[in-house]
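Here's start.pdb, which has PDB, C-alpha atoms:
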MODEL        1
ATOM      1  CA  MET A  15      19.926  13.274  -2.180
ATOM      2  CA  ASN A  16      18.239  14.127  -5.493
ATOM      3  CA  LYS A  17      20.944  12.244  -7.375
ATOM      4  CA  MET A  18      20.494   9.222  -5.127
ATOM      5  CA  ILE A  19      16.743   9.245  -5.758
ATOM      6  CA  LEU A  20      17.322   9.461  -9.518
ATOM      7  CA  VAL A  21      19.825   6.592  -9.477
ATOM      8  CA  GLU A  22      17.473   4.379  -7.489
ATOM      9  CA  ALA A  23      14.630   5.270  -9.858
ATOM     10  CA  LYS A  24      16.710   4.186 -12.863
ATOM     11  CA  LEU A  25      17.578   0.900 -11.147
ATOM     12  CA  PHE A  26      13.928   0.405 -10.306
ATOM     13  CA  LEU A  27      12.864   0.881 -13.924
ATOM     14  CA  ARG A  28      15.313  -1.790 -15.058
ATOM     15  CA  GLU A  29      13.163  -4.375 -13.252
ATOM     16  CA  PRO A  30       9.660  -3.749 -14.621
ATOM     17  CA  GLY A  31       8.095  -6.623 -12.686
ATOM     18  CA  ALA A  32       7.348  -4.394  -9.716
ATOM     19  CA  LEU A  33       5.704  -1.808 -11.958
ATOM     20  CA  ILE A  34       3.531  -4.473 -13.548
ATOM     21  CA  PHE A  35       2.283  -5.783 -10.217
ATOM     22  CA  ALA A  36       1.936  -2.388  -8.538
ATOM     23  CA  ILE A  37       0.321  -0.486 -11.416
ATOM     24  CA  MET A  38      -0.876  -2.721 -14.234
ATOM     25  CA  LEU A  39      -2.376  -5.506 -12.101
ATOM     26  CA  PRO A  40      -4.651  -3.270  -9.961
ATOM     27  CA  LEU A  41      -5.553  -1.217 -13.020
ATOM     28  CA  GLY A  42      -6.396  -4.297 -15.079
ATOM     29  CA  LEU A  43      -8.472  -5.756 -12.261
ATOM     30  CA  LEU A  44     -10.336  -2.475 -11.795
ATOM     31  CA  LEU A  45     -11.174  -2.092 -15.466
ATOM     32  CA  GLY A  46     -12.051  -5.766 -15.886
ATOM     33  CA  LEU A  47     -14.064  -6.338 -12.720
ATOM     34  CA  GLY A  48     -15.814  -3.039 -13.240
ATOM     35  CA  MET A  49     -17.462  -4.544 -16.320
ATOM     36  CA  ILE A  50     -19.378  -7.072 -14.186
ATOM     37  CA  PRO A  51     -23.050  -6.019 -14.361
ATOM     38  CA  ASP A  52     -23.713  -6.632 -10.656
ATOM     39  CA  PHE A  53     -20.871  -4.282  -9.745
ATOM     40  CA  GLN A  54     -22.582  -1.492 -11.707
ATOM     41  CA  GLU A  55     -25.891  -1.803  -9.893
ATOM     42  CA  ALA A  56     -26.791  -0.124  -6.606
ATOM     43  CA  SER A  57     -26.583  -2.493  -3.656
ATOM     44  CA  PRO A  58     -28.800  -2.086  -0.566
ATOM     45  CA  GLU A  59     -26.114  -3.801   1.533
ATOM     46  CA  MET A  60     -23.681  -1.023   0.554
ATOM     47  CA  GLY A  61     -25.993   1.854   1.350
ATOM     48  CA  GLY A  62     -27.396   2.117  -2.144
ATOM     49  CA  GLN A  63     -23.987   2.552  -3.754
ATOM     50  CA  ARG A  64     -22.480   0.511  -6.534
ATOM     51  CA  VAL A  65     -19.414  -1.650  -5.893
ATOM     52  CA  ILE A  66     -17.643   0.389  -8.560
ATOM     53  CA  ASP A  67     -18.456   3.694  -6.827
ATOM     54  CA  ASN A  68     -15.768   3.472  -4.157
ATOM     55  CA  HIS A  69     -15.297  -0.079  -2.869
ATOM     56  CA  LEU A  70     -13.538  -1.553  -5.909
ATOM     57  CA  PRO A  71     -11.319   1.455  -6.732
ATOM     58  CA  ALA A  72     -10.379   1.879  -3.065
ATOM     59  CA  MET A  73      -9.395  -1.788  -2.783
ATOM     60  CA  MET A  74      -7.323  -1.594  -5.961
ATOM     61  CA  THR A  75      -5.586   1.461  -4.520
ATOM     62  CA  ILE A  76      -4.813  -0.556  -1.392
ATOM     63  CA  LEU A  77      -3.484  -3.408  -3.549
ATOM     64  CA  ALA A  78      -1.122  -1.047  -5.373
ATOM     65  CA  VAL A  79       0.183   0.466  -2.131
ATOM     66  CA  VAL A  80       0.704  -2.778  -0.233
ATOM     67  CA  THR A  81       2.390  -4.441  -3.207
ATOM     68  CA  MET A  82       5.049  -1.757  -3.042
ATOM     69  CA  ALA A  83       5.157  -1.564   0.750
ATOM     70  CA  LEU A  84       5.126  -5.228   1.764
ATOM     71  CA  THR A  85       6.942  -6.971  -1.091
ATOM     72  CA  VAL A  86       8.970  -4.584  -3.273
ATOM     73  CA  LEU A  87      10.382  -2.313  -0.554
ATOM     74  CA  PRO A  88      11.465  -4.984   1.960
ATOM     75  CA  GLY A  89      12.780  -7.228  -0.812
ATOM     76  CA  THR A  90      14.971  -4.464  -2.231
ATOM     77  CA  LEU A  91      16.354  -3.336   1.127
ATOM     78  CA  ALA A  92      17.050  -6.894   2.250
ATOM     79  CA  ALA A  93      18.834  -7.569  -1.056
ATOM     80  CA  TYR A  94      21.007  -4.477  -0.601
ATOM     81  CA  ARG A  95      21.912  -5.591   2.920
ATOM     82  CA  GLU A  96      22.662  -9.153   1.807
ATOM     83  CA  ALA A  97      24.882  -7.903  -1.032
ATOM     84  CA  GLY A  98      26.821  -5.690   1.371
ATOM     85  CA  VAL A  99      25.727  -2.436  -0.284
ATOM     86  CA  LEU A 100      24.526  -0.860   2.963
ATOM     87  CA  ARG A 101      27.658  -1.933   4.837
ATOM     88  CA  ARG A 102      29.948  -0.435   2.173
ATOM     89  CA  MET A 103      27.962   2.805   2.097
ATOM     90  CA  SER A 104      28.293   3.148   5.870
ATOM     91  CA  THR A 105      32.074   3.497   5.424
ATOM     92  CA  THR A 106      31.717   6.390   2.946
ATOM     93  CA  PRO A 107      30.505   9.979   3.352
ATOM     94  CA  VAL A 108      27.231   8.887   1.720
ATOM     95  CA  SER A 109      25.074   7.548   4.549
ATOM     96  CA  PRO A 110      23.037   4.413   3.854
ATOM     97  CA  PHE A 111      20.152   6.352   5.389
ATOM     98  CA  ARG A 112      20.020   8.320   2.125
ATOM     99  CA  LEU A 113      19.500   5.104   0.218
ATOM    100  CA  LEU A 114      16.640   4.247   2.557
ATOM    101  CA  VAL A 115      15.028   7.644   1.957
ATOM    102  CA  ALA A 116      15.498   7.297  -1.815
ATOM    103  CA  GLN A 117      13.748   3.936  -1.747
ATOM    104  CA  LEU A 118      10.839   5.340   0.253
ATOM    105  CA  VAL A 119      10.469   8.298  -2.117
ATOM    106  CA  ASN A 120      10.509   6.132  -5.243
ATOM    107  CA  ASN A 121       8.027   3.644  -3.808
ATOM    108  CA  LEU A 122       5.736   6.505  -2.771
ATOM    109  CA  VAL A 123       5.916   8.006  -6.266
ATOM    110  CA  ILE A 124       4.886   4.691  -7.823
ATOM    111  CA  ALA A 125       1.995   4.383  -5.362
ATOM    112  CA  VAL A 126       0.828   7.923  -6.165
ATOM    113  CA  ILE A 127       1.026   7.293  -9.924
ATOM    114  CA  ALA A 128      -0.929   4.047  -9.563
ATOM    115  CA  THR A 129      -3.596   5.795  -7.469
ATOM    116  CA  ALA A 130      -3.936   8.690  -9.922
ATOM    117  CA  LEU A 131      -4.364   6.256 -12.822
ATOM    118  CA  LEU A 132      -6.932   4.232 -10.885
ATOM    119  CA  ILE A 133      -8.966   7.322 -10.039
ATOM    120  CA  GLY A 134      -8.786   8.824 -13.525
ATOM    121  CA  LEU A 135      -9.424   5.729 -15.624
ATOM    122  CA  SER A 136     -12.140   4.427 -13.319
ATOM    123  CA  ASN A 137     -13.931   7.752 -13.714
ATOM    124  CA  LEU A 138     -13.532   7.775 -17.502
ATOM    125  CA  VAL A 139     -14.362   4.119 -18.147
ATOM    126  CA  HIS A 140     -16.887   3.256 -15.434
ATOM    127  CA  GLY A 141     -18.182   6.664 -14.411
ATOM    128  CA  THR A 142     -16.845   6.212 -10.894
ATOM    129  CA  PRO A 143     -17.220   9.452  -8.922
ATOM    130  CA  LEU A 144     -14.030  11.295  -8.065
ATOM    131  CA  PRO A 145     -13.154  11.399  -4.353
ATOM    132  CA  GLY A 146     -15.837  13.529  -2.712
ATOM    133  CA  SER A 147     -13.423  14.889  -0.072
ATOM    134  CA  PRO A 148     -10.156  15.218  -2.033
ATOM    135  CA  LEU A 149      -8.086  16.791   0.749
ATOM    136  CA  ALA A 150      -9.250  14.245   3.320
ATOM    137  CA  PHE A 151      -8.666  11.490   0.770
ATOM    138  CA  ALA A 152      -5.103  12.707   0.162
ATOM    139  CA  GLY A 153      -4.427  12.887   3.902
ATOM    140  CA  VAL A 154      -5.773   9.383   4.480
ATOM    141  CA  PHE A 155      -3.773   8.097   1.528
ATOM    142  CA  LEU A 156      -0.513   9.546   2.865
ATOM    143  CA  LEU A 157      -1.108   8.369   6.434
ATOM    144  CA  GLY A 158      -2.191   4.890   5.351
ATOM    145  CA  THR A 159       0.674   4.551   2.886
ATOM    146  CA  ALA A 160       3.161   5.649   5.543
ATOM    147  CA  SER A 161       1.774   3.031   7.941
ATOM    148  CA  MET A 162       2.156   0.335   5.277
ATOM    149  CA  PHE A 163       5.721   1.472   4.555
ATOM    150  CA  GLY A 164       6.438   1.260   8.277
ATOM    151  CA  LEU A 165       5.290  -2.356   8.206
ATOM    152  CA  GLY A 166       7.429  -2.970   5.123
ATOM    153  CA  LEU A 167      10.503  -1.516   6.828
ATOM    154  CA  LEU A 168       9.893  -3.766   9.821
ATOM    155  CA  ILE A 169       9.776  -6.783   7.507
ATOM    156  CA  ALA A 170      13.045  -5.642   5.908
ATOM    157  CA  ALA A 171      14.594  -5.246   9.366
ATOM    158  CA  LEU A 172      13.626  -8.720  10.574
ATOM    159  CA  ALA A 173      13.790 -10.834   7.392
ATOM    160  CA  PRO A 174      16.857 -13.098   7.471
ATOM    161  CA  THR A 175      17.459 -13.069   3.691
ATOM    162  CA  ALA A 176      16.521 -11.141   0.570
ATOM    163  CA  LYS A 177      14.381 -14.029  -0.674
ATOM    164  CA  ALA A 178      12.538 -14.299   2.631
ATOM    165  CA  ALA A 179      11.531 -10.620   2.820
ATOM    166  CA  PRO A 180       8.928 -10.526   0.010
ATOM    167  CA  GLY A 181       7.685 -13.959   1.092
ATOM    168  CA  VAL A 182       7.021 -12.714   4.615
ATOM    169  CA  GLY A 183       5.342  -9.644   3.144
ATOM    170  CA  SER A 184       3.046 -11.788   1.013
ATOM    171  CA  ILE A 185       2.127 -14.003   3.967
ATOM    172  CA  LEU A 186       1.047 -10.906   5.878
ATOM    173  CA  MET A 187      -0.529  -9.177   2.902
ATOM    174  CA  PHE A 188      -3.246 -11.617   1.907
ATOM    175  CA  PRO A 189      -4.921 -12.079   5.328
ATOM    176  CA  LEU A 190      -4.801  -8.331   5.884
ATOM    177  CA  LEU A 191      -6.331  -7.740   2.436
ATOM    178  CA  PHE A 192      -9.122 -10.146   3.301
ATOM    179  CA  MET A 193      -9.889  -8.320   6.543
ATOM    180  CA  ALA A 194      -9.830  -5.035   4.625
ATOM    181  CA  GLY A 195     -12.592  -6.281   2.309
ATOM    182  CA  MET A 196     -10.672  -7.203  -0.817
ATOM    183  CA  TRP A 197     -12.783 -10.282  -1.573
ATOM    184  CA  ILE A 198     -15.830  -9.687   0.634
ATOM    185  CA  PRO A 199     -16.976  -6.106   1.249
ATOM    186  CA  ARG A 200     -16.809  -5.224   4.930
ATOM    187  CA  GLU A 201     -20.541  -4.526   4.928
ATOM    188  CA  LEU A 202     -21.151  -8.229   4.291
ATOM    189  CA  MET A 203     -18.781  -9.483   6.981
ATOM    190  CA  PRO A 204     -19.996 -10.641  10.410
ATOM    191  CA  ASP A 205     -19.856  -7.880  12.993
ATOM    192  CA  LEU A 206     -17.093  -9.604  14.987
ATOM    193  CA  VAL A 207     -14.856  -9.985  11.920
ATOM    194  CA  ARG A 208     -15.407  -6.354  10.958
ATOM    195  CA  GLN A 209     -14.635  -5.182  14.489
ATOM    196  CA  ILE A 210     -11.403  -7.195  14.570
ATOM    197  CA  GLY A 211     -10.425  -5.694  11.229
ATOM    198  CA  ASP A 212     -10.860  -2.184  12.632
ATOM    199  CA  PHE A 213      -7.802  -2.774  14.829
ATOM    200  CA  LEU A 214      -5.568  -4.342  12.159
ATOM    201  CA  PRO A 215      -3.204  -2.267  10.000
ATOM    202  CA  MET A 216      -4.979  -2.462   6.636
ATOM    203  CA  ALA A 217      -8.756  -2.418   7.168
ATOM    204  CA  PRO A 218      -8.784   1.101   8.700
ATOM    205  CA  PHE A 219      -6.800   2.354   5.683
ATOM    206  CA  ALA A 220      -9.272   0.767   3.250
ATOM    207  CA  GLN A 221     -12.364   1.985   5.090
ATOM    208  CA  ALA A 222     -10.997   5.519   5.454
ATOM    209  CA  LEU A 223     -10.266   5.642   1.721
ATOM    210  CA  ARG A 224     -13.822   4.504   0.999
ATOM    211  CA  ASP A 225     -15.301   7.022   3.432
ATOM    212  CA  THR A 226     -13.419   9.987   1.971
ATOM    213  CA  TRP A 227     -14.082   8.768  -1.578
ATOM    214  CA  ALA A 228     -17.793   8.922  -0.749
ATOM    215  CA  GLY A 229     -17.369  12.462   0.604
ATOM    216  CA  ASN A 230     -17.583  11.504   4.272
ATOM    217  CA  ALA A 231     -15.129  12.142   7.085
ATOM    218  CA  PRO A 232     -12.891   9.210   8.084
ATOM    219  CA  GLN A 233     -13.626   7.601  11.431
ATOM    220  CA  MET A 234     -11.369   8.747  14.251
ATOM    221  CA  LEU A 235     -10.708   5.129  15.285
ATOM    222  CA  HIS A 236      -9.316   4.353  11.849
ATOM    223  CA  LEU A 237      -7.031   7.389  11.878
ATOM    224  CA  ILE A 238      -5.751   6.439  15.331
ATOM    225  CA  VAL A 239      -5.058   2.843  14.267
ATOM    226  CA  MET A 240      -3.151   4.004  11.163
ATOM    227  CA  ALA A 241      -1.098   6.484  13.185
ATOM    228  CA  ALA A 242      -0.392   3.845  15.848
ATOM    229  CA  THR A 243       0.651   1.343  13.177
ATOM    230  CA  LEU A 244       3.092   3.882  11.758
ATOM    231  CA  ALA A 245       4.516   4.734  15.181
ATOM    232  CA  VAL A 246       4.910   1.119  16.334
ATOM    233  CA  THR A 247       6.233  -0.396  13.113
ATOM    234  CA  GLY A 248       8.454   2.580  12.382
ATOM    235  CA  GLY A 249       9.884   2.517  15.888
ATOM    236  CA  LEU A 250      10.525  -1.226  15.799
ATOM    237  CA  ALA A 251      12.062  -0.985  12.312
ATOM    238  CA  ALA A 252      14.451   1.729  13.537
ATOM    239  CA  ARG A 253      15.318  -0.407  16.572
ATOM    240  CA  PHE A 254      16.009  -3.651  14.696
ATOM    241  CA  PHE A 255      17.132  -2.520  11.238
ATOM    242  CA  ARG A 256      20.567  -3.889  10.374
ATOM    243  CA  TRP A 257      22.864  -2.231   7.862
ATOM    244  CA  GLN A 258      24.866  -5.457   7.523
TER     245      GLN A 258
ENDMDL
END
As a first step, turn the structure in this file into structure tokens.
Amino acid sequence: MNKMILVEAKLFLREPGALIFAIMLPLGLLLGLGMIPDFQEASPEMGGQRVIDNHLPAMMTILAVVTMALTVLPGTLAAYREAGVLRRMSTTPVSPFRLLVAQLVNNLVIAVIATALLIGLSNLVHGTPLPGSPLAFAGVFLLGTASMFGLGLLIAALAPTAKAAPGVGSILMFPLLFMAGMWIPRELMPDLVRQIGDFLPMAPFAQALRDTWAGNAPQMLHLIVMAATLAVTGGLAARFFRWQ
């Protein structure tokens, strides 16, 4: 298994486009947008916090995770299936399930690296506080990332072609990012829109990251929605995933 993970990591590094979008884009946006004067001033609408305190870094963390989960992961798995790699592996002692695990591990590693860089550089450059509840933050990050990977695996299972998989992921990603507060903080959204977002896959992840970053406990509703998303998407992906 370790060898499979290493091989997949080497193949991943040969196509740096995913790394650029998953790491450099969120990091560049965080450092650049964090320079906006209004983002460095306390906002009454956000409970007296600055946008840079937890909203912006949390949203950039979400962007890094969902880029890997909804575009890179399903695109890679669908390409392997289309090329017959999974079918050929199923006839050998090496199960294609190992390839699936290797992909999940490598995508998780990239997401963790991106998050660590976002936290560290935001603190050094903008003075953003470190997560106030680090253990809760880590737990929320893992649960939310797993739920996004479950959605990505479902896309890979249902997408008809390798080209369609990342396209479907992008179509889902942008509305979900909006509901999570990527462009308009959730505090500024109408109550109905915010309440709808609480039951979608991404907004609970974003809000729970923000809550734990601020040192507060995540809301139970958000944890339940993330766990339910993981269970439903993971179960459906296992039911419909095709090796060939």
Given all atoms listed in the file, how would the per-residue table for region 17-123 of chain A near region 131-155 of chain A read, listing every residue at most 9 Å away with its closest atom pair and distance in Å to one decimal, sorted by chain and number, as JSON lines?
{"residue": "A:Ile37", "atom": "CA", "partner": "A:Leu131", "partner_atom": "CA", "distance": 8.3}
{"residue": "A:Pro40", "atom": "CA", "partner": "A:Leu132", "partner_atom": "CA", "distance": 7.9}
{"residue": "A:Leu41", "atom": "CA", "partner": "A:Leu132", "partner_atom": "CA", "distance": 6.0}
{"residue": "A:Leu44", "atom": "CA", "partner": "A:Ser136", "partner_atom": "CA", "distance": 7.3}
{"residue": "A:Leu45", "atom": "CA", "partner": "A:Ser136", "partner_atom": "CA", "distance": 6.9}
{"residue": "A:Gly48", "atom": "CA", "partner": "A:His140", "partner_atom": "CA", "distance": 6.8}
{"residue": "A:Met49", "atom": "CA", "partner": "A:His140", "partner_atom": "CA", "distance": 7.9}
{"residue": "A:Gln54", "atom": "CA", "partner": "A:His140", "partner_atom": "CA", "distance": 8.3}
{"residue": "A:Ile66", "atom": "CA", "partner": "A:Thr142", "partner_atom": "CA", "distance": 6.3}
{"residue": "A:Asp67", "atom": "CA", "partner": "A:Thr142", "partner_atom": "CA", "distance": 5.0}
{"residue": "A:Asn68", "atom": "CA", "partner": "A:Thr142", "partner_atom": "CA", "distance": 7.4}
{"residue": "A:Pro71", "atom": "CA", "partner": "A:Leu132", "partner_atom": "CA", "distance": 6.6}
{"residue": "A:Ala72", "atom": "CA", "partner": "A:Leu132", "partner_atom": "CA", "distance": 8.9}
{"residue": "A:Met74", "atom": "CA", "partner": "A:Leu132", "partner_atom": "CA", "distance": 7.6}
{"residue": "A:Thr75", "atom": "CA", "partner": "A:Leu132", "partner_atom": "CA", "distance": 7.1}
Original post:
Counting only C-alpha atoms, what is within 12 Å of Met240 (chain A), bar same-chain residues fewer than 6 positions away, as an MDAnalysis selection string?
Top reply: chainID A and resid 153:165 212:223 232:234 246:248
**OP:** Have a look at CA of Ala56 (chain A) and CA of Gly195 (chain A) and let me know their distance in Å, one decimal.
**Re:**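 Answer for the CA of Ala56 (chain A) to CA of Gly195 (chain A) separation: 17.9 Å.
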**OP:** List the neighbours of Ala179 (chain A) out to 7 Å using only C-alpha atoms; skip same-chain residues closer than 6 positions along the sequence, and give me the result as a list in words.
**Re:**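 The neighbour list is Pro88, Gly89, Ala92, Ile169, Ala170 and Ala173 of chain A.
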Using all atoms of region 216-229 of chain A that appear in the file, construct an axis-aligned enclosing box with 5 Å of padding on every side and provide its centre coordinates and edge lengths in Å, rounded to one decimal, as lines of an AutoDock Vina configuration file.
center_x = -11.4
center_y = 5.0
center_z = 3.6
size_x = 22.8
size_y = 24.9
size_z = 20.3
Original post:
Taking into account all atoms listed in the file, which residue in the set A:Leu186, A:Leu77, A:Leu84, A:Leu114 is nearest to Val99 (chain A)?
Top reply: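 Among the listed residues, A:Leu114 lies closest to Val99 (chain A).
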**OP:** Go ahead and compute the interatomic distance for CA of His236 (chain A) and CA of Ile198 (chain A), in Å to one decimal.
**Re:** 19.1 Å
**OP:** Show which residues sit within 12 Å of Pro199 (chain A), as a ChimeraX atom specification. Count all atoms listed in the file, and ignore same-chain residues fewer than 5 positions away.
**Re:** /A:53,57,59-60,64-66,68-70,72-73,191-194,204,207-208,211,217,220-221,224
Some atoms are missing, so please complete region 138-156 of chain A with N, CA and C atoms and return it as a PDB file, keeping the file's coordinate frame.
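Result file result_11.pdb:
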ATOM      1  N   LEU A 138     -13.285   7.683 -16.068  1.00  0.00           N
ATOM      2  CA  LEU A 138     -13.532   7.775 -17.502  1.00  0.00           C
ATOM      3  C   LEU A 138     -14.244   6.547 -18.043  1.00  0.00           C
ATOM      4  N   VAL A 139     -13.838   5.357 -17.578  1.00  0.00           N
ATOM      5  CA  VAL A 139     -14.362   4.119 -18.147  1.00  0.00           C
ATOM      6  C   VAL A 139     -15.668   3.696 -17.484  1.00  0.00           C
ATOM      7  N   HIS A 140     -15.734   3.776 -16.168  1.00  0.00           N
ATOM      8  CA  HIS A 140     -16.887   3.256 -15.434  1.00  0.00           C
ATOM      9  C   HIS A 140     -17.781   4.347 -14.844  1.00  0.00           C
ATOM     10  N   GLY A 141     -17.384   5.601 -15.000  1.00  0.00           N
ATOM     11  CA  GLY A 141     -18.182   6.664 -14.411  1.00  0.00           C
ATOM     12  C   GLY A 141     -18.098   6.720 -12.904  1.00  0.00           C
ATOM     13  N   THR A 142     -17.038   6.172 -12.347  1.00  0.00           N
ATOM     14  CA  THR A 142     -16.845   6.212 -10.894  1.00  0.00           C
ATOM     15  C   THR A 142     -16.680   7.657 -10.432  1.00  0.00           C
ATOM     16  N   PRO A 143     -17.390   8.071  -9.406  1.00  0.00           N
ATOM     17  CA  PRO A 143     -17.220   9.452  -8.922  1.00  0.00           C
ATOM     18  C   PRO A 143     -15.792   9.693  -8.451  1.00  0.00           C
ATOM     19  N   LEU A 144     -15.321  10.916  -8.623  1.00  0.00           N
ATOM     20  CA  LEU A 144     -14.030  11.295  -8.065  1.00  0.00           C
ATOM     21  C   LEU A 144     -14.163  11.395  -6.542  1.00  0.00           C
ATOM     22  N   PRO A 145     -13.060  11.287  -5.812  1.00  0.00           N
ATOM     23  CA  PRO A 145     -13.154  11.399  -4.353  1.00  0.00           C
ATOM     24  C   PRO A 145     -13.932  12.640  -3.935  1.00  0.00           C
ATOM     25  N   GLY A 146     -14.973  12.432  -3.123  1.00  0.00           N
ATOM     26  CA  GLY A 146     -15.837  13.529  -2.712  1.00  0.00           C
ATOM     27  C   GLY A 146     -15.181  14.504  -1.760  1.00  0.00           C
ATOM     28  N   SER A 147     -14.192  14.026  -0.983  1.00  0.00           N
ATOM     29  CA  SER A 147     -13.423  14.889  -0.072  1.00  0.00           C
ATOM     30  C   SER A 147     -11.950  14.753  -0.438  1.00  0.00           C
ATOM     31  N   PRO A 148     -11.506  15.453  -1.494  1.00  0.00           N
ATOM     32  CA  PRO A 148     -10.156  15.218  -2.033  1.00  0.00           C
ATOM     33  C   PRO A 148      -9.029  15.465  -1.035  1.00  0.00           C
ATOM     34  N   LEU A 149      -9.151  16.522  -0.218  1.00  0.00           N
ATOM     35  CA  LEU A 149      -8.086  16.791   0.749  1.00  0.00           C
ATOM     36  C   LEU A 149      -8.038  15.717   1.830  1.00  0.00           C
ATOM     37  N   ALA A 150      -9.211  15.312   2.321  1.00  0.00           N
ATOM     38  CA  ALA A 150      -9.250  14.245   3.320  1.00  0.00           C
ATOM     39  C   ALA A 150      -8.753  12.938   2.707  1.00  0.00           C
ATOM     40  N   PHE A 151      -9.123  12.696   1.454  1.00  0.00           N
ATOM     41  CA  PHE A 151      -8.666  11.490   0.770  1.00  0.00           C
ATOM     42  C   PHE A 151      -7.140  11.483   0.672  1.00  0.00           C
ATOM     43  N   ALA A 152      -6.561  12.622   0.279  1.00  0.00           N
ATOM     44  CA  ALA A 152      -5.103  12.707   0.162  1.00  0.00           C
ATOM     45  C   ALA A 152      -4.429  12.485   1.514  1.00  0.00           C
ATOM     46  N   GLY A 153      -5.002  13.074   2.572  1.00  0.00           N
ATOM     47  CA  GLY A 153      -4.427  12.887   3.902  1.00  0.00           C
ATOM     48  C   GLY A 153      -4.484  11.444   4.354  1.00  0.00           C
ATOM     49  N   VAL A 154      -5.622  10.802   4.124  1.00  0.00           N
ATOM     50  CA  VAL A 154      -5.773   9.383   4.480  1.00  0.00           C
ATOM     51  C   VAL A 154      -4.804   8.532   3.671  1.00  0.00           C
ATOM     52  N   PHE A 155      -4.683   8.860   2.385  1.00  0.00           N
ATOM     53  CA  PHE A 155      -3.773   8.097   1.528  1.00  0.00           C
ATOM     54  C   PHE A 155      -2.337   8.188   2.050  1.00  0.00           C
ATOM     55  N   LEU A 156      -1.891   9.376   2.391  1.00  0.00           N
ATOM     56  CA  LEU A 156      -0.513   9.546   2.865  1.00  0.00           C
ATOM     57  C   LEU A 156      -0.294   8.858   4.205  1.00  0.00           C
TER      58      LEU A 156
END
